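Asker: Provided below: protein_19.csv, containing CSV, C-alpha atoms.
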```csv
chain,number,residue,atom,x,y,z
A,1,ASP,CA,0.0,0.0,0.0
A,2,LEU,CA,2.1,2.9,-1.3
A,3,THR,CA,-0.5,5.4,0.2
A,4,ARG,CA,0.6,4.3,3.7
A,5,PRO,CA,4.4,3.7,3.3
A,6,ASP,CA,5.0,3.6,7.0
A,7,ALA,CA,2.2,1.2,7.8
A,8,LEU,CA,3.0,-2.4,8.7
A,9,ALA,CA,3.1,-4.8,5.7
A,10,VAL,CA,4.6,-8.0,7.0
A,11,ALA,CA,5.7,-9.3,10.4
A,12,CYS,CA,7.3,-12.6,11.7
A,13,GLY,CA,8.5,-12.9,15.3
A,14,ASN,CA,10.3,-9.7,16.2
A,15,ARG,CA,10.9,-8.7,12.6
A,16,ARG,CA,8.7,-6.0,11.0
A,17,LEU,CA,8.7,-4.4,7.5
A,18,THR,CA,6.7,-1.3,6.5
A,19,TRP,CA,5.2,-1.0,3.1
A,20,ARG,CA,8.0,1.2,2.0
A,21,GLU,CA,10.6,-1.4,3.1
A,22,PHE,CA,8.6,-4.3,1.7
A,23,HIS,CA,8.1,-2.6,-1.7
A,24,ALA,CA,11.8,-1.7,-1.9
A,25,ARG,CA,13.0,-5.2,-1.2
A,26,THR,CA,10.5,-7.0,-3.5
A,27,ASN,CA,11.2,-4.5,-6.3
A,28,ARG,CA,15.0,-5.2,-6.0
A,29,MET,CA,14.5,-8.9,-6.1
A,30,ALA,CA,12.1,-8.7,-9.0
A,31,TYR,CA,14.7,-6.8,-11.0
A,32,ALA,CA,17.5,-9.1,-9.9
A,33,LEU,CA,15.6,-12.1,-11.2
A,34,ARG,CA,15.0,-10.4,-14.5
A,35,ALA,CA,18.6,-9.3,-14.7
A,36,ALA,CA,19.6,-12.9,-14.4
A,37,GLY,CA,17.8,-13.6,-17.7
A,38,TRP,CA,14.6,-15.2,-16.4
A,39,ARG,CA,11.4,-14.2,-18.1
A,40,GLY,CA,7.7,-15.1,-18.2
A,41,GLY,CA,7.2,-18.8,-18.3
A,42,ASP,CA,10.4,-19.5,-16.2
A,43,ARG,CA,9.6,-21.2,-12.9
A,44,ALA,CA,10.9,-20.2,-9.5
A,45,ALA,CA,10.6,-22.8,-6.8
A,46,VAL,CA,10.5,-21.7,-3.1
A,47,ILE,CA,11.3,-24.1,-0.3
A,48,ALA,CA,11.0,-22.6,3.2
A,49,GLY,CA,8.8,-22.2,6.2
A,50,ASN,CA,6.6,-19.3,7.0
A,51,GLY,CA,8.5,-16.0,7.3
A,52,ILE,CA,9.1,-12.6,5.8
A,53,GLU,CA,11.5,-14.0,3.1
A,54,TYR,CA,8.8,-16.3,1.9
A,55,ALA,CA,6.4,-13.4,1.6
A,56,GLU,CA,9.1,-11.4,-0.3
A,57,CYS,CA,9.8,-14.3,-2.6
A,58,LEU,CA,6.2,-14.8,-3.7
A,59,THR,CA,5.7,-11.1,-4.2
A,60,SER,CA,9.1,-10.6,-6.1
A,61,ILE,CA,8.4,-13.5,-8.4
A,62,PHE,CA,4.9,-12.2,-9.1
A,63,LYS,CA,6.3,-8.7,-9.8
A,64,ALA,CA,9.0,-10.2,-12.1
A,65,GLY,CA,6.3,-11.9,-14.1
A,66,LEU,CA,7.7,-15.4,-13.5
A,67,THR,CA,5.9,-18.5,-12.2
A,68,PHE,CA,6.1,-19.2,-8.4
A,69,VAL,CA,6.2,-22.8,-7.4
A,70,PRO,CA,5.9,-23.3,-3.6
A,71,ILE,CA,7.4,-26.7,-2.8
A,72,PRO,CA,6.1,-28.8,0.2
A,73,THR,CA,8.8,-29.3,2.8
A,74,MET,CA,7.4,-32.6,4.1
A,75,ILE,CA,8.5,-34.7,1.2
A,76,THR,CA,11.4,-37.0,0.5
A,77,PRO,CA,14.5,-35.8,-1.5
A,78,GLU,CA,13.4,-38.2,-4.2
A,79,THR,CA,10.0,-36.5,-4.5
A,80,LEU,CA,11.6,-33.1,-4.4
A,81,ALA,CA,13.8,-34.1,-7.4
A,82,LEU,CA,10.7,-35.2,-9.3
A,83,LEU,CA,8.9,-32.0,-8.6
A,84,LEU,CA,11.8,-29.7,-9.5
A,85,VAL,CA,12.3,-31.7,-12.7
A,86,ASP,CA,8.5,-31.7,-13.4
A,87,CYS,CA,8.2,-27.9,-13.0
A,88,GLY,CA,11.5,-27.2,-14.7
A,89,ALA,CA,12.6,-24.8,-12.0
A,90,ALA,CA,15.1,-22.3,-13.4
A,91,VAL,CA,15.9,-21.0,-9.9
A,92,THR,CA,15.2,-22.4,-6.4
A,93,LEU,CA,15.0,-20.1,-3.4
A,94,VAL,CA,15.6,-22.1,-0.3
A,95,ALA,CA,15.9,-21.5,3.5
A,96,SER,CA,19.2,-22.8,4.9
A,97,ALA,CA,17.3,-25.3,7.1
A,98,TYR,CA,16.4,-27.1,3.8
A,99,ARG,CA,19.6,-26.7,2.0
A,100,ASP,CA,20.7,-30.3,2.6
A,101,PHE,CA,17.3,-31.4,1.5
A,102,VAL,CA,17.8,-29.6,-1.8
A,103,SER,CA,21.4,-30.8,-2.1
A,104,ALA,CA,20.2,-34.4,-1.9
A,105,ALA,CA,18.3,-33.8,-5.1
A,106,ALA,CA,20.6,-31.3,-6.7
A,107,ALA,CA,22.7,-33.6,-8.9
A,108,ARG,CA,19.6,-34.9,-10.7
A,109,VAL,CA,18.0,-31.4,-11.0
A,110,ARG,CA,21.2,-29.8,-12.3
A,111,GLY,CA,21.6,-32.6,-14.8
A,112,HIS,CA,18.2,-31.8,-16.3
A,113,HIS,CA,17.7,-28.0,-15.8
A,114,GLY,CA,20.8,-26.3,-14.3
A,115,SER,CA,18.6,-24.8,-11.5
A,116,GLN,CA,20.2,-21.8,-9.8
A,117,VAL,CA,20.0,-22.0,-5.9
A,118,ILE,CA,19.5,-18.8,-3.8
A,119,VAL,CA,19.8,-19.3,0.0
A,120,LEU,CA,17.2,-17.1,1.7
A,121,ASP,CA,19.0,-16.7,5.0
A,122,GLY,CA,22.6,-17.3,3.9
A,123,SER,CA,25.6,-14.9,3.7
A,124,GLY,CA,27.6,-16.1,0.8
A,125,PRO,CA,27.6,-15.2,-2.9
A,126,ASP,CA,24.4,-17.2,-3.5
A,127,SER,CA,22.5,-15.5,-0.6
A,128,TYR,CA,19.2,-13.7,-1.0
A,129,GLU,CA,20.7,-10.5,0.4
A,130,ARG,CA,23.5,-10.6,-2.1
A,131,TRP,CA,21.0,-11.0,-4.9
A,132,LEU,CA,19.0,-8.0,-3.6
A,133,GLU,CA,22.1,-5.8,-4.1
A,134,GLY,CA,21.8,-6.4,-7.8
A,135,GLY,CA,18.2,-5.1,-8.1
A,136,GLN,CA,16.7,-1.7,-8.5
A,137,ASP,CA,14.4,0.1,-6.1
A,138,ARG,CA,11.7,1.1,-8.5
A,139,GLU,CA,8.4,-0.3,-9.4
A,140,PRO,CA,8.8,-3.1,-12.0
A,141,GLU,CA,7.1,-2.7,-15.3
A,142,PHE,CA,7.3,-6.2,-16.7
A,143,ALA,CA,4.2,-6.8,-18.9
A,144,HIS,CA,2.5,-10.2,-19.0
A,145,SER,CA,-0.8,-11.5,-20.2
A,146,PRO,CA,-3.6,-12.2,-17.6
A,147,GLN,CA,-3.6,-15.7,-19.0
A,148,ALA,CA,0.1,-16.2,-18.4
A,149,GLU,CA,1.2,-18.8,-16.0
A,150,CYS,CA,1.4,-17.4,-12.4
A,151,SER,CA,1.8,-20.4,-10.1
A,152,ILE,CA,2.0,-24.1,-9.8
A,153,ILE,CA,0.7,-25.6,-6.6
A,154,TYR,CA,1.4,-29.3,-6.0
A,155,SER,CA,-1.2,-31.7,-4.5
A,156,SER,CA,-0.3,-33.6,-1.4
A,157,GLY,CA,0.5,-36.8,-3.3
A,158,THR,CA,-1.1,-39.0,-0.6
A,159,THR,CA,-2.2,-41.6,-3.2
A,160,SER,CA,0.4,-41.1,-5.9
A,161,THR,CA,3.1,-38.6,-7.1
A,162,PRO,CA,2.0,-35.0,-6.4
A,163,LYS,CA,0.3,-33.3,-9.3
A,164,GLY,CA,1.0,-29.7,-10.3
A,165,ILE,CA,-2.0,-27.4,-10.6
A,166,ILE,CA,-1.4,-24.3,-12.8
A,167,HIS,CA,-3.0,-21.0,-12.0
A,168,SER,CA,-2.9,-18.0,-14.4
A,169,TYR,CA,-2.4,-14.4,-13.3
A,170,ALA,CA,-6.1,-13.8,-14.0
A,171,VAL,CA,-7.1,-16.6,-11.6
A,172,ARG,CA,-4.8,-15.4,-8.9
A,173,ASN,CA,-6.3,-11.9,-9.3
A,174,ARG,CA,-9.8,-13.3,-8.9
A,175,MET,CA,-8.7,-15.3,-5.9
A,176,ALA,CA,-7.4,-12.1,-4.2
A,177,ALA,CA,-10.5,-10.2,-5.2
A,178,GLY,CA,-12.6,-13.0,-3.7
A,179,MET,CA,-10.7,-12.8,-0.4
A,180,ARG,CA,-11.4,-9.0,-0.2
A,181,THR,CA,-15.1,-9.7,-0.5
A,182,ILE,CA,-15.0,-11.1,3.1
A,183,GLY,CA,-13.7,-7.8,4.4
A,184,LEU,CA,-10.0,-7.8,3.9
A,185,ASN,CA,-8.8,-4.2,3.7
A,186,ALA,CA,-6.1,-1.8,4.7
A,187,GLN,CA,-6.9,-2.3,8.4
A,188,SER,CA,-6.8,-6.1,8.2
A,189,VAL,CA,-4.2,-8.2,9.9
A,190,THR,CA,-4.0,-11.8,8.7
A,191,LEU,CA,-2.2,-14.5,10.7
A,192,LEU,CA,-0.8,-17.2,8.4
A,193,ALA,CA,-0.3,-20.3,10.5
A,194,THR,CA,-0.7,-22.9,7.7
A,195,PRO,CA,2.2,-24.0,5.5
A,196,PRO,CA,3.0,-21.4,2.9
A,197,TYR,CA,3.0,-23.9,0.0
A,198,SER,CA,-0.8,-24.3,0.2
A,199,ASN,CA,-3.6,-22.2,-1.3
A,200,GLY,CA,-5.0,-22.0,2.2
A,201,SER,CA,-2.1,-19.6,2.9
A,202,ILE,CA,-1.4,-18.1,-0.5
A,203,ALA,CA,-5.0,-16.9,-1.2
A,204,PRO,CA,-5.4,-14.9,2.0
A,205,PHE,CA,-1.8,-13.7,1.8
A,206,PHE,CA,-2.4,-12.1,-1.6
A,207,GLY,CA,-5.9,-11.0,-0.6
A,208,THR,CA,-4.5,-9.1,2.4
A,209,LEU,CA,-1.5,-7.8,0.5
A,210,TRP,CA,-3.6,-6.3,-2.3
A,211,GLY,CA,-6.1,-4.9,0.1
A,212,GLY,CA,-3.2,-3.0,1.8
A,213,GLY,CA,-3.4,-5.0,5.1
A,214,ALA,CA,-0.7,-6.7,7.1
A,215,THR,CA,0.3,-10.4,7.4
```
Rewrite the structure from the file as structure tokens, please.

Answerer:
Amino acid sequence: DLTRPDALAVACGNRRLTWREFHARTNRMAYALRAAGWRGGDRAAVIAGNGIEYAECLTSIFKAGLTFVPIPTMITPETLALLLVDCGAAVTLVASAYRDFVSAAAARVRGHHGSQVIVLDGSGPDSYERWLEGGQDREPEFAHSPQAECSIIYSSGTTSTPKGIIHSYAVRNRMAAGMRTIGLNAQSVTLLATPPYSNGSIAPFFGTLWGGGAT
């Protein structure tokens, strides 16, 4: 909500970001992703728990016009490899707690797609903060069709291999608009306690975000 730059946008534990800060960081990451050569149709996988970085990732990927692919964390490395190969992830953004989990599948994934890994809470050359340094603090203007691919959400896979469900940008917009019909607005505060890779978290997150509230 750029009309209230000092209002709370996202919070997790003792960390807080205002809308000014949240926009600046997500703008930078969106430009960094595009500067790396990724464009509409490229998939960006995210493997992490609930937190500010996850919120930034989803928003940055959306702003860059890429496809965000939230990956369940309660799967085996074998299933992870299958999902990353299935979605063709060009880049994987991962929390350090799951880095070994990704590494267990990395050889197979790299062999098929050469997926770049960005560590959300790391400090090295492949860290999220280092990538932010390569971005620009201005509103992205990357055009994409409403029917372009926005997200791939994988099913639980309780009876077989998880299936990817594709949502367009138009569908995501309608989902967010639908959430606002229940009263989400600039005064709303939404607690996301469910896993961030499910629509049960993503739909209210974007509904609150686009309504100008806080999560």

Asker: Can you check which parts of range 56-157 of chain A lie within 12 Å of range 10-20 of chain A? Per residue, the shortest pair of atoms and distance in Å to one decimal, counting only C-alpha atoms, sorted by chain and number, as a tab-separated table.

Answerer:
```
residue	atom	partner	partner_atom	distance
A:Glu56	CA	A:Val10	CA	9.2
A:Thr59	CA	A:Val10	CA	11.7
A:Asp137	CA	A:Arg20	CA	10.4
A:Arg138	CA	A:Arg20	CA	11.1
A:Glu139	CA	A:Arg20	CA	11.5
```

Asker: For Gly211 in chain A, which of A:Leu80, A:Ile47, A:Val69, A:Leu2 is the closest residue, counting all atoms listed in the file?

Answerer: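 The closest residue to Gly211 in chain A is A:Leu2.
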
Asker: Counting all atoms listed in the file, figure out which residue out of A:Thr3, A:Thr161, A:Val119, A:Ile52 gets nearest to Glu78 in chain A.

Answerer: A:Thr161

Asker: Do you know which residues are at most 6 Å from Ala30 in chain A counting only C-alpha atoms, after dropping those on the same chain fewer than 3 positions away, and could you put them as a list in words?

Answerer: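 Near Ala30 in chain A, the qualifying residues are Thr26, Asn27, Leu33, Ser60, Lys63 and Ala64 of chain A.
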
Asker: Measure the distance from CA of Ala48 in chain A to CA of Ala36 in chain A in Å and round it to one decimal.

Answerer: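 If I compute the distance from CA of Ala48 in chain A to CA of Ala36 in chain A, I get 21.9 Å.
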
Asker: Using all atoms listed in the file, which residues sit within 10 Å of Ala95 in chain A once same-chain residues fewer than 6 positions away are excluded, as a ChimeraX atom specification?

Answerer: /A:46-49,51,53-54,102,118-122,127-128

Asker: Do you know which residues are at most 12 Å from Thr181 in chain A counting only C-alpha atoms, after dropping those on the same chain fewer than 6 positions away, and could you put them as a list in words?

Answerer: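 The residues that qualify are Arg174, Met175, Pro204, Gly207, Thr208 and Gly211 of chain A.
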
Asker: Taking into account all atoms listed in the file, which residue in the set A:Val117, A:Ala89, A:Ala44, A:Leu66 is nearest to Ala143 in chain A?

Answerer: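 Nearest candidate to Ala143 in chain A out of A:Val117, A:Ala89, A:Ala44, A:Leu66: A:Leu66.
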
Asker: Could I get range 73-84 of chain A rebuilt with all heavy atoms, written as a compact mmCIF listing (two decimals), keeping the file's coordinate frame?

Answerer:
```txt
# COMPACT_ATOMS: atom_id res chain seq x y z
N THR A 73 7.57 -28.94 2.13
CA THR A 73 8.80 -29.30 2.80
C THR A 73 8.73 -30.71 3.43
O THR A 73 9.76 -31.27 3.81
CB THR A 73 9.09 -28.30 3.95
OG1 THR A 73 7.94 -28.21 4.81
CG2 THR A 73 9.37 -26.92 3.38
N MET A 74 7.54 -31.28 3.53
CA MET A 74 7.40 -32.60 4.10
C MET A 74 7.33 -33.69 3.07
O MET A 74 6.38 -34.47 3.00
CB MET A 74 6.15 -32.63 5.03
CG MET A 74 6.23 -31.65 6.19
SD MET A 74 4.78 -31.67 7.27
CE MET A 74 4.90 -33.31 7.98
N ILE A 75 8.34 -33.70 2.21
CA ILE A 75 8.50 -34.70 1.20
C ILE A 75 9.87 -35.27 1.21
O ILE A 75 10.76 -34.70 1.85
CB ILE A 75 8.13 -34.17 -0.24
CG1 ILE A 75 9.04 -32.96 -0.57
CG2 ILE A 75 6.67 -33.79 -0.36
CD1 ILE A 75 8.84 -32.42 -1.97
N THR A 76 10.11 -36.36 0.52
CA THR A 76 11.40 -37.00 0.50
C THR A 76 12.30 -36.25 -0.58
O THR A 76 11.78 -35.60 -1.49
CB THR A 76 11.35 -38.44 0.12
OG1 THR A 76 10.85 -38.56 -1.22
CG2 THR A 76 10.44 -39.19 1.09
N PRO A 77 13.63 -36.35 -0.47
CA PRO A 77 14.50 -35.80 -1.50
C PRO A 77 14.17 -36.34 -2.90
O PRO A 77 14.27 -35.63 -3.90
CB PRO A 77 15.90 -36.19 -1.07
CG PRO A 77 15.79 -36.32 0.41
CD PRO A 77 14.42 -36.89 0.65
N GLU A 78 13.76 -37.62 -2.95
CA GLU A 78 13.40 -38.20 -4.20
C GLU A 78 12.19 -37.51 -4.85
O GLU A 78 12.16 -37.21 -6.05
CB GLU A 78 13.12 -39.71 -4.07
CG GLU A 78 14.33 -40.56 -3.72
CD GLU A 78 14.78 -40.42 -2.28
OE1 GLU A 78 13.97 -39.94 -1.44
OE2 GLU A 78 15.94 -40.77 -1.99
N THR A 79 11.18 -37.24 -4.01
CA THR A 79 10.00 -36.50 -4.50
C THR A 79 10.34 -35.11 -4.87
O THR A 79 9.84 -34.57 -5.86
CB THR A 79 8.87 -36.57 -3.45
OG1 THR A 79 8.55 -37.92 -3.14
CG2 THR A 79 7.63 -35.86 -3.97
N LEU A 80 11.21 -34.47 -4.08
CA LEU A 80 11.60 -33.10 -4.40
C LEU A 80 12.28 -33.07 -5.78
O LEU A 80 11.99 -32.18 -6.59
CB LEU A 80 12.63 -32.61 -3.36
CG LEU A 80 13.32 -31.29 -3.68
CD1 LEU A 80 12.32 -30.16 -3.81
CD2 LEU A 80 14.38 -30.96 -2.63
N ALA A 81 13.16 -34.01 -6.06
CA ALA A 81 13.80 -34.10 -7.40
C ALA A 81 12.78 -34.19 -8.48
O ALA A 81 12.87 -33.51 -9.51
CB ALA A 81 14.80 -35.22 -7.42
N LEU A 82 11.79 -35.05 -8.26
CA LEU A 82 10.70 -35.20 -9.30
C LEU A 82 9.97 -33.93 -9.50
O LEU A 82 9.67 -33.56 -10.65
CB LEU A 82 9.75 -36.32 -8.81
CG LEU A 82 10.27 -37.76 -8.85
CD1 LEU A 82 9.25 -38.71 -8.21
CD2 LEU A 82 10.58 -38.18 -10.28
N LEU A 83 9.65 -33.19 -8.42
CA LEU A 83 8.90 -32.00 -8.60
C LEU A 83 9.69 -30.88 -9.26
O LEU A 83 9.17 -30.16 -10.12
CB LEU A 83 8.42 -31.46 -7.19
CG LEU A 83 7.48 -32.35 -6.38
CD1 LEU A 83 6.90 -31.58 -5.21
CD2 LEU A 83 6.37 -32.92 -7.25
N LEU A 84 10.98 -30.74 -8.89
CA LEU A 84 11.80 -29.70 -9.50
C LEU A 84 12.01 -30.01 -11.00
O LEU A 84 12.05 -29.10 -11.83
CB LEU A 84 13.14 -29.60 -8.80
CG LEU A 84 13.08 -29.07 -7.37
CD1 LEU A 84 14.47 -29.04 -6.75
CD2 LEU A 84 12.45 -27.69 -7.32
```
